[in-house]
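Participant: Sharing model-v2.csv (CSV, N, CA and C atoms) below.
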```csv
chain,number,residue,atom,x,y,z
A,1,MET,N,0.8,-1.2,0.0
A,1,MET,CA,0.0,0.0,0.0
A,1,MET,C,0.9,1.2,0.0
A,2,THR,N,1.5,1.5,-1.1
A,2,THR,CA,2.4,2.6,-1.2
A,2,THR,C,2.0,3.4,-2.5
A,3,PRO,N,2.5,4.6,-2.7
A,3,PRO,CA,2.3,5.3,-3.9
A,3,PRO,C,2.9,4.6,-5.1
A,4,GLU,N,3.9,3.7,-4.8
A,4,GLU,CA,4.5,3.0,-5.9
A,4,GLU,C,3.8,1.8,-6.3
A,5,ASP,N,2.6,1.6,-5.8
A,5,ASP,CA,1.7,0.4,-6.1
A,5,ASP,C,1.7,0.3,-7.6
A,6,THR,N,1.8,-1.0,-8.1
A,6,THR,CA,1.9,-1.2,-9.5
A,6,THR,C,0.7,-1.8,-10.1
A,7,ARG,N,-0.4,-1.7,-9.5
A,7,ARG,CA,-1.6,-2.3,-10.1
A,7,ARG,C,-1.9,-1.6,-11.4
A,8,PRO,N,-2.4,-2.4,-12.4
A,8,PRO,CA,-2.8,-1.7,-13.7
A,8,PRO,C,-4.0,-0.8,-13.5
A,9,LEU,N,-4.0,0.3,-14.2
A,9,LEU,CA,-5.0,1.3,-14.1
A,9,LEU,C,-5.7,1.4,-15.4
A,10,SER,N,-7.0,1.6,-15.4
A,10,SER,CA,-7.8,1.8,-16.7
A,10,SER,C,-8.3,3.2,-16.6
A,11,PRO,N,-8.4,3.9,-17.8
A,11,PRO,CA,-8.9,5.3,-17.8
A,11,PRO,C,-10.3,5.3,-17.2
A,12,GLY,N,-10.5,6.3,-16.3
A,12,GLY,CA,-11.8,6.4,-15.6
A,12,GLY,C,-12.0,5.6,-14.4
A,13,GLN,N,-11.1,4.7,-14.1
A,13,GLN,CA,-11.2,3.8,-12.9
A,13,GLN,C,-10.9,4.6,-11.7
A,14,VAL,N,-11.7,4.4,-10.6
A,14,VAL,CA,-11.4,5.0,-9.3
A,14,VAL,C,-10.3,4.2,-8.8
A,15,CYS,N,-9.2,4.9,-8.5
A,15,CYS,CA,-7.9,4.2,-8.1
A,15,CYS,C,-7.4,4.5,-6.7
A,16,TYR,N,-7.9,5.5,-6.1
A,16,TYR,CA,-7.5,5.9,-4.8
A,16,TYR,C,-8.6,6.6,-4.1
A,17,LEU,N,-8.7,6.5,-2.8
A,17,LEU,CA,-9.7,7.0,-2.0
A,17,LEU,C,-9.2,7.6,-0.7
A,18,GLN,N,-9.5,8.9,-0.4
A,18,GLN,CA,-9.2,9.5,0.8
A,18,GLN,C,-10.5,9.7,1.6
A,19,LEU,N,-10.5,9.2,2.9
A,19,LEU,CA,-11.6,9.3,3.7
A,19,LEU,C,-11.3,10.2,4.9
A,20,PRO,N,-12.1,11.3,5.2
A,20,PRO,CA,-11.8,12.1,6.4
A,20,PRO,C,-11.9,11.3,7.6
A,21,ALA,N,-11.0,11.5,8.6
A,21,ALA,CA,-11.0,10.8,9.9
A,21,ALA,C,-10.4,11.7,10.9
A,22,ALA,N,-11.2,12.0,12.0
A,22,ALA,CA,-10.6,12.7,13.1
A,22,ALA,C,-9.7,11.8,13.9
A,23,ASP,N,-10.0,10.4,13.8
A,23,ASP,CA,-9.2,9.4,14.6
A,23,ASP,C,-8.9,8.3,13.6
A,24,ARG,N,-7.7,8.2,13.1
A,24,ARG,CA,-7.4,7.2,12.1
A,24,ARG,C,-7.5,5.8,12.7
A,25,ARG,N,-7.1,5.6,13.9
A,25,ARG,CA,-7.1,4.3,14.6
A,25,ARG,C,-8.6,3.8,14.7
A,26,ARG,N,-9.5,4.7,15.1
A,26,ARG,CA,-10.9,4.4,15.2
A,26,ARG,C,-11.4,4.0,13.8
A,27,ALA,N,-11.1,4.8,12.8
A,27,ALA,CA,-11.5,4.5,11.4
A,27,ALA,C,-11.0,3.2,10.9
A,28,ALA,N,-9.7,2.9,11.2
A,28,ALA,CA,-9.1,1.7,10.8
A,28,ALA,C,-9.8,0.5,11.4
A,29,ALA,N,-10.1,0.6,12.7
A,29,ALA,CA,-10.8,-0.5,13.4
A,29,ALA,C,-12.1,-0.8,12.9
A,30,PHE,N,-12.9,0.3,12.6
A,30,PHE,CA,-14.2,0.2,12.0
A,30,PHE,C,-14.2,-0.6,10.7
A,31,TYR,N,-13.4,-0.1,9.7
A,31,TYR,CA,-13.3,-0.7,8.4
A,31,TYR,C,-12.7,-2.1,8.4
A,32,GLU,N,-11.8,-2.3,9.3
A,32,GLU,CA,-11.2,-3.7,9.4
A,32,GLU,C,-12.3,-4.7,9.8
A,33,THR,N,-13.1,-4.3,10.9
A,33,THR,CA,-14.1,-5.1,11.5
A,33,THR,C,-15.3,-5.3,10.6
A,34,VAL,N,-15.8,-4.2,10.1
A,34,VAL,CA,-17.1,-4.2,9.3
A,34,VAL,C,-16.9,-4.7,7.9
A,35,PHE,N,-15.9,-4.3,7.2
A,35,PHE,CA,-15.7,-4.6,5.8
A,35,PHE,C,-14.5,-5.4,5.5
A,36,GLY,N,-13.7,-5.8,6.4
A,36,GLY,CA,-12.5,-6.6,6.2
A,36,GLY,C,-11.4,-6.0,5.5
A,37,TRP,N,-11.3,-4.6,5.5
A,37,TRP,CA,-10.2,-3.9,4.9
A,37,TRP,C,-8.9,-4.2,5.6
A,38,ALA,N,-7.8,-4.2,4.9
A,38,ALA,CA,-6.5,-4.3,5.5
A,38,ALA,C,-6.0,-2.9,5.7
A,39,THR,N,-5.3,-2.6,6.8
A,39,THR,CA,-4.8,-1.3,7.1
A,39,THR,C,-3.3,-1.3,7.3
A,40,GLY,N,-2.7,-0.1,7.1
A,40,GLY,CA,-1.2,0.0,7.2
A,40,GLY,C,-0.9,-0.1,8.7
A,41,GLU,N,0.4,-0.3,8.9
A,41,GLU,CA,0.9,-0.5,10.3
A,41,GLU,C,0.6,0.7,11.2
A,42,HIS,N,0.7,1.9,10.6
A,42,HIS,CA,0.4,3.1,11.4
A,42,HIS,C,-0.9,3.7,11.2
A,43,TYR,N,-1.8,3.0,10.5
A,43,TYR,CA,-3.2,3.4,10.2
A,43,TYR,C,-3.3,4.6,9.3
A,44,PRO,N,-2.4,5.0,8.5
A,44,PRO,CA,-2.7,6.1,7.6
A,44,PRO,C,-3.3,5.6,6.3
A,45,ASP,N,-3.1,4.4,6.0
A,45,ASP,CA,-3.6,3.9,4.7
A,45,ASP,C,-4.4,2.6,4.9
A,46,PHE,N,-5.1,2.2,3.8
A,46,PHE,CA,-5.9,1.0,3.8
A,46,PHE,C,-5.9,0.4,2.4
A,47,GLU,N,-6.3,-0.8,2.4
A,47,GLU,CA,-6.5,-1.5,1.1
A,47,GLU,C,-7.9,-2.2,1.2
A,48,SER,N,-8.7,-1.9,0.2
A,48,SER,CA,-10.0,-2.6,0.1
A,48,SER,C,-10.0,-3.3,-1.2
A,49,PRO,N,-11.0,-4.2,-1.5
A,49,PRO,CA,-10.9,-4.9,-2.8
A,49,PRO,C,-10.8,-4.0,-4.0
A,50,GLY,N,-9.7,-4.0,-4.7
A,50,GLY,CA,-9.5,-3.3,-5.9
A,50,GLY,C,-9.1,-1.8,-5.7
A,51,LEU,N,-8.8,-1.4,-4.5
A,51,LEU,CA,-8.6,0.0,-4.2
A,51,LEU,C,-7.7,0.2,-3.0
A,52,ILE,N,-6.9,1.3,-3.1
A,52,ILE,CA,-6.1,1.6,-2.0
A,52,ILE,C,-6.4,3.1,-1.6
A,53,GLY,N,-6.1,3.5,-0.4
A,53,GLY,CA,-6.4,4.8,0.1
A,53,GLY,C,-5.8,5.1,1.4
A,54,GLU,N,-6.3,6.2,2.0
A,54,GLU,CA,-5.8,6.7,3.3
A,54,GLU,C,-6.8,7.5,4.0
A,55,TRP,N,-6.7,7.5,5.3
A,55,TRP,CA,-7.6,8.3,6.2
A,55,TRP,C,-6.8,9.7,6.3
A,56,VAL,N,-7.6,10.8,6.1
A,56,VAL,CA,-7.0,12.1,6.1
A,56,VAL,C,-7.5,12.9,7.3
A,57,GLU,N,-6.6,13.2,8.2
A,57,GLU,CA,-7.0,14.0,9.4
A,57,GLU,C,-7.0,15.4,9.0
A,58,GLY,N,-7.9,16.2,9.6
A,58,GLY,CA,-8.0,17.6,9.3
A,58,GLY,C,-9.0,18.0,8.1
A,59,ARG,N,-9.5,17.0,7.5
A,59,ARG,CA,-10.5,17.2,6.4
A,59,ARG,C,-11.9,16.7,7.0
A,60,PRO,N,-12.8,17.6,7.2
A,60,PRO,CA,-14.1,17.2,7.8
A,60,PRO,C,-14.9,16.4,6.8
A,61,PRO,N,-15.8,15.5,7.3
A,61,PRO,CA,-16.7,14.8,6.4
A,61,PRO,C,-17.6,15.7,5.8
A,62,ALA,N,-18.2,15.3,4.6
A,62,ALA,CA,-19.2,16.2,3.9
A,62,ALA,C,-20.4,15.4,3.7
A,63,PRO,N,-21.2,15.3,4.8
A,63,PRO,CA,-22.4,14.4,4.7
A,63,PRO,C,-23.5,14.9,3.7
A,64,GLU,N,-23.5,16.1,3.4
A,64,GLU,CA,-24.5,16.6,2.5
A,64,GLU,C,-24.0,17.0,1.1
A,65,ALA,N,-22.7,16.8,0.8
A,65,ALA,CA,-22.2,17.3,-0.5
A,65,ALA,C,-21.1,16.3,-1.0
A,66,GLY,N,-20.9,16.4,-2.3
A,66,GLY,CA,-19.9,15.6,-2.9
A,66,GLY,C,-20.2,14.2,-3.2
A,67,PRO,N,-19.3,13.5,-3.9
A,67,PRO,CA,-19.5,12.1,-4.2
A,67,PRO,C,-19.7,11.2,-3.0
A,68,MET,N,-20.4,10.1,-3.2
A,68,MET,CA,-20.6,9.1,-2.1
A,68,MET,C,-20.1,7.8,-2.5
A,69,VAL,N,-19.4,7.1,-1.7
A,69,VAL,CA,-18.8,5.8,-2.0
A,69,VAL,C,-19.9,4.7,-1.6
A,70,TRP,N,-20.1,3.8,-2.5
A,70,TRP,CA,-21.0,2.6,-2.2
A,70,TRP,C,-20.2,1.4,-2.1
A,71,LEU,N,-20.4,0.6,-1.1
A,71,LEU,CA,-19.7,-0.7,-0.9
A,71,LEU,C,-20.7,-1.8,-1.0
A,72,ALA,N,-20.2,-2.9,-1.7
A,72,ALA,CA,-21.0,-4.1,-1.8
A,72,ALA,C,-20.8,-4.9,-0.5
A,73,VAL,N,-21.9,-5.4,0.0
A,73,VAL,CA,-21.8,-6.3,1.2
A,73,VAL,C,-22.5,-7.6,0.9
A,74,ARG,N,-22.0,-8.6,1.6
A,74,ARG,CA,-22.6,-10.0,1.4
A,74,ARG,C,-24.0,-10.1,2.1
A,75,ASP,N,-24.1,-9.6,3.3
A,75,ASP,CA,-25.4,-9.7,4.0
A,75,ASP,C,-25.7,-8.4,4.7
A,76,MET,N,-26.8,-7.7,4.2
A,76,MET,CA,-27.1,-6.4,4.7
A,76,MET,C,-27.4,-6.3,6.2
A,77,ASP,N,-28.2,-7.2,6.7
A,77,ASP,CA,-28.5,-7.2,8.1
A,77,ASP,C,-27.3,-7.4,9.0
A,78,GLU,N,-26.5,-8.4,8.6
A,78,GLU,CA,-25.3,-8.7,9.4
A,78,GLU,C,-24.3,-7.4,9.4
A,79,THR,N,-24.2,-6.8,8.2
A,79,THR,CA,-23.3,-5.6,8.1
A,79,THR,C,-23.9,-4.5,8.9
A,80,LEU,N,-25.2,-4.3,8.9
A,80,LEU,CA,-25.7,-3.2,9.7
A,80,LEU,C,-25.6,-3.4,11.2
A,81,ASP,N,-25.6,-4.7,11.6
A,81,ASP,CA,-25.4,-5.0,13.0
A,81,ASP,C,-23.9,-4.7,13.4
A,82,LEU,N,-23.0,-5.0,12.5
A,82,LEU,CA,-21.6,-4.6,12.8
A,82,LEU,C,-21.4,-3.1,12.8
A,83,VAL,N,-22.0,-2.4,11.8
A,83,VAL,CA,-21.9,-1.0,11.8
A,83,VAL,C,-22.3,-0.4,13.1
A,84,THR,N,-23.5,-0.7,13.6
A,84,THR,CA,-23.9,-0.1,14.9
A,84,THR,C,-23.1,-0.6,16.1
A,85,ALA,N,-22.7,-1.8,16.1
A,85,ALA,CA,-21.9,-2.3,17.2
A,85,ALA,C,-20.5,-1.7,17.3
A,86,HIS,N,-20.0,-1.1,16.2
A,86,HIS,CA,-18.7,-0.5,16.1
A,86,HIS,C,-18.6,1.0,15.9
A,87,GLY,N,-19.7,1.7,16.3
A,87,GLY,CA,-19.7,3.1,16.3
A,87,GLY,C,-20.3,3.8,15.1
A,88,GLY,N,-20.8,3.1,14.2
A,88,GLY,CA,-21.4,3.7,13.0
A,88,GLY,C,-22.9,3.9,13.3
A,89,ARG,N,-23.6,4.6,12.4
A,89,ARG,CA,-25.0,4.9,12.5
A,89,ARG,C,-25.7,4.5,11.1
A,90,ILE,N,-26.9,4.1,11.2
A,90,ILE,CA,-27.7,3.8,10.0
A,90,ILE,C,-28.4,5.1,9.7
A,91,LEU,N,-28.2,5.7,8.5
A,91,LEU,CA,-28.8,6.9,8.0
A,91,LEU,C,-30.1,6.6,7.3
A,92,THR,N,-30.1,5.6,6.4
A,92,THR,CA,-31.3,5.2,5.7
A,92,THR,C,-31.4,3.7,5.8
A,93,PRO,N,-32.5,3.2,6.4
A,93,PRO,CA,-32.6,1.7,6.5
A,93,PRO,C,-32.6,1.0,5.2
A,94,PRO,N,-32.3,-0.3,5.2
A,94,PRO,CA,-32.3,-1.0,3.9
A,94,PRO,C,-33.7,-1.0,3.3
A,95,ALA,N,-33.6,-0.8,1.9
A,95,ALA,CA,-34.9,-0.8,1.1
A,95,ALA,C,-34.5,-1.4,-0.2
A,96,PRO,N,-35.5,-2.1,-0.8
A,96,PRO,CA,-35.3,-2.7,-2.2
A,96,PRO,C,-35.0,-1.6,-3.2
A,97,ASP,N,-34.1,-1.8,-4.1
A,97,ASP,CA,-33.9,-1.0,-5.3
A,97,ASP,C,-34.0,-1.9,-6.5
A,98,GLY,N,-35.3,-2.1,-6.9
A,98,GLY,CA,-35.6,-3.0,-7.9
A,98,GLY,C,-35.6,-4.4,-7.4
A,99,PRO,N,-35.7,-5.4,-8.2
A,99,PRO,CA,-35.8,-6.8,-7.7
A,99,PRO,C,-34.5,-7.5,-7.3
A,100,THR,N,-33.3,-6.9,-7.6
A,100,THR,CA,-32.1,-7.6,-7.4
A,100,THR,C,-31.1,-7.0,-6.4
A,101,ARG,N,-31.5,-5.9,-5.8
A,101,ARG,CA,-30.6,-5.4,-4.8
A,101,ARG,C,-31.3,-4.6,-3.7
A,102,ILE,N,-30.6,-4.5,-2.6
A,102,ILE,CA,-31.1,-3.7,-1.4
A,102,ILE,C,-30.0,-2.6,-1.2
A,103,LEU,N,-30.5,-1.4,-0.9
A,103,LEU,CA,-29.6,-0.3,-0.6
A,103,LEU,C,-29.8,0.2,0.8
A,104,ALA,N,-28.8,0.7,1.5
A,104,ALA,CA,-28.9,1.4,2.8
A,104,ALA,C,-27.7,2.4,2.8
A,105,THR,N,-27.9,3.4,3.7
A,105,THR,CA,-26.7,4.3,3.9
A,105,THR,C,-26.4,4.4,5.4
A,106,ILE,N,-25.1,4.5,5.6
A,106,ILE,CA,-24.7,4.6,7.0
A,106,ILE,C,-23.7,5.8,7.2
A,107,ALA,N,-23.4,6.1,8.4
A,107,ALA,CA,-22.3,7.0,8.7
A,107,ALA,C,-21.3,6.3,9.5
A,108,ASP,N,-20.0,6.3,9.0
A,108,ASP,CA,-19.0,5.6,9.8
A,108,ASP,C,-18.7,6.4,11.1
A,109,PRO,N,-17.9,6.0,12.0
A,109,PRO,CA,-17.7,6.7,13.2
A,109,PRO,C,-17.1,8.1,13.0
A,110,GLU,N,-16.5,8.4,11.9
A,110,GLU,CA,-16.0,9.7,11.6
A,110,GLU,C,-17.0,10.6,11.0
A,111,GLY,N,-18.2,10.1,10.7
A,111,GLY,CA,-19.3,11.0,10.1
A,111,GLY,C,-19.4,10.9,8.6
A,112,ASN,N,-18.6,10.1,8.0
A,112,ASN,CA,-18.6,10.0,6.5
A,112,ASN,C,-19.8,9.1,6.1
A,113,PRO,N,-20.6,9.6,5.2
A,113,PRO,CA,-21.7,8.8,4.7
A,113,PRO,C,-21.2,7.8,3.7
A,114,ILE,N,-21.7,6.5,3.8
A,114,ILE,CA,-21.3,5.4,3.0
A,114,ILE,C,-22.5,4.7,2.6
A,115,GLY,N,-22.6,4.4,1.3
A,115,GLY,CA,-23.7,3.6,0.8
A,115,GLY,C,-23.4,2.1,0.8
A,116,LEU,N,-24.4,1.3,1.1
A,116,LEU,CA,-24.2,-0.2,1.1
A,116,LEU,C,-25.2,-0.8,0.1
A,117,ALA,N,-24.7,-1.8,-0.6
A,117,ALA,CA,-25.6,-2.5,-1.6
A,117,ALA,C,-25.4,-4.0,-1.4
A,118,ALA,N,-26.5,-4.7,-1.4
A,118,ALA,CA,-26.5,-6.2,-1.3
A,118,ALA,C,-27.6,-6.8,-2.2
A,119,HIS,N,-27.4,-8.1,-2.4
A,119,HIS,CA,-28.5,-8.8,-3.1
A,119,HIS,C,-29.4,-9.2,-2.0
A,120,PRO,N,-30.7,-9.3,-2.3
A,120,PRO,CA,-31.7,-9.8,-1.3
A,120,PRO,C,-31.4,-11.2,-0.9
A,121,PRO,N,-31.7,-11.6,0.4
A,121,PRO,CA,-31.5,-13.0,0.8
A,121,PRO,C,-32.4,-13.9,0.0
A,122,HIS,N,-32.0,-15.1,-0.3
A,122,HIS,CA,-32.8,-16.1,-1.0
A,122,HIS,C,-33.5,-17.0,-0.1
```
What is this structure when it is put down as structure tokens?
Facilitator:
Amino acid sequence: MTPEDTRPLSPGQVCYLQLPAADRRRAAAFYETVFGWATGEHYPDFESPGLIGEWVEGRPPAPEAGPMVWLAVRDMDETLDLVTAHGGRILTPPAPDGPTRILATIADPEGNPIGLAAHPPH
């Protein structure tokens, strides 16, 4: 997880993500536990499936403005239980979005809004 990362990039691909965090250790613990992300030794950086990034101190979250990240989850109910157990909040409860997916939005412990998408249980 370094700037020298040699993953192939495609034009238009989201390749790096900076998430505001007042407390990088708290953010790291949340994303490790809830989403299984790997974090750097000193918690400034992380690796999620197909993407690297870092937590940025001193940049406030923008709950009402700007782009929003959406994460795929295996089980919506289980993920929402983990979110609330580890300091996050549910902003919008899960609801169907057509016949093949469920969407919900949360706020991580740092106040960043994050979208969640899952397939309905069978």
Participant: Tell me which of A:Met76, A:Ala104, A:Leu51, A:Ala62 sits closest to A:Cys15, counting only N, CA and C atoms.
Facilitator: A:Leu51
Participant: For A:Phe35, list every protein, DNA or RNA residue within 8 Å, evaluated using only N, CA and C atoms, and leave out those in the same chain fewer than 3 positions away; present the list as a compact mmCIF listing (two decimals) with N, CA and C atoms, keeping the file's coordinate frame.
Facilitator:
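Once written, selection.txt looks like this:
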```
# COMPACT_ATOMS: atom_id res chain seq x y z
N ALA A 29 -10.10 0.60 12.70
CA ALA A 29 -10.80 -0.50 13.40
C ALA A 29 -12.10 -0.80 12.90
N PHE A 30 -12.90 0.30 12.60
CA PHE A 30 -14.20 0.20 12.00
C PHE A 30 -14.20 -0.60 10.70
N TYR A 31 -13.40 -0.10 9.70
CA TYR A 31 -13.30 -0.70 8.40
C TYR A 31 -12.70 -2.10 8.40
N GLU A 32 -11.80 -2.30 9.30
CA GLU A 32 -11.20 -3.70 9.40
C GLU A 32 -12.30 -4.70 9.80
N ALA A 38 -7.80 -4.20 4.90
CA ALA A 38 -6.50 -4.30 5.50
C ALA A 38 -6.00 -2.90 5.70
N SER A 48 -8.70 -1.90 0.20
CA SER A 48 -10.00 -2.60 0.10
C SER A 48 -10.00 -3.30 -1.20
N PRO A 49 -11.00 -4.20 -1.50
CA PRO A 49 -10.90 -4.90 -2.80
C PRO A 49 -10.80 -4.00 -4.00
N VAL A 73 -21.90 -5.40 0.00
CA VAL A 73 -21.80 -6.30 1.20
C VAL A 73 -22.50 -7.60 0.90
N THR A 79 -24.20 -6.80 8.20
CA THR A 79 -23.30 -5.60 8.10
C THR A 79 -23.90 -4.50 8.90
N LEU A 82 -23.00 -5.00 12.50
CA LEU A 82 -21.60 -4.60 12.80
C LEU A 82 -21.40 -3.10 12.80
N VAL A 83 -22.00 -2.40 11.80
CA VAL A 83 -21.90 -1.00 11.80
C VAL A 83 -22.30 -0.40 13.10
```
Participant: Using DSSP secondary structure from the backbone, list all helix (DSSP H, G or I) positions within chain A, as a list of chain:residue names.
Facilitator: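 Put together, the selection reads A:Arg24, A:Arg25, A:Arg26, A:Ala27, A:Ala28, A:Ala29, A:Phe30, A:Tyr31, A:Glu32, A:Thr33, A:Val34, A:Phe35, A:Met76, A:Asp77, A:Glu78, A:Thr79, A:Leu80, A:Asp81, A:Leu82, A:Val83, A:Thr84, A:Ala85.
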Participant: Just to confirm, what's the straight-line distance from atom N of A:Pro8 to atom CA of A:Ile52 in Å (one decimal)?
Facilitator: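 That distance, rounded to one decimal, is 11.7 Å.
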Participant: Quick one: of A:Asp81, A:Asp75, A:Asp23, A:Glu41, who's nearest to A:Gly58, counting all atoms listed in the file?
Facilitator: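 Checking each of A:Asp81, A:Asp75, A:Asp23, A:Glu41 against A:Gly58, counting all atoms listed in the file, the winner is A:Asp23.
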Participant: Could you check which of A:Ala21, A:Ile90, A:Ala72, A:Ala85 is closest to A:Pro60, using only C-alpha atoms?
Facilitator: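 Residue with the minimum atom-to-atom distance to A:Pro60: A:Ala21.
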Participant: Enumerate the residues of chain A with a DSSP assignment of strand (DSSP E or B), computed from the backbone, and present them as a VMD selection string.
Facilitator: chain A and resid 16 to 20 38 to 39 45 to 48 51 to 56 69 to 72 89 to 96 102 to 107 113 to 118
Participant: Give the answer as one residue: which of A:Gly40, A:Glu110, A:Val69, A:Glu64 has the shortest atom-to-atom distance to A:Pro20, using only N, CA and C atoms?
Facilitator: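 Of all the options, A:Glu110 lies closest to A:Pro20.
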Participant: Please, what distance in Å, to one decimal, runs between atom CA of A:His119 and atom CA of A:Asp45?
Facilitator: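 Here the two named atoms are 29.0 Å from each other.
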Participant: Check the smallest atom-to-atom distance from each of A:Asp97, A:His86, A:Gly53, A:Gly115 to A:Met68 using all atoms listed in the file, then report the winner.
Facilitator: A:Gly115
Participant: Any idea what the distance is between atom CA of A:Pro67 and atom CA of A:Thr100?
Facilitator: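 Going from atom CA of A:Pro67 over to atom CA of A:Thr100, I get 23.6 Å.
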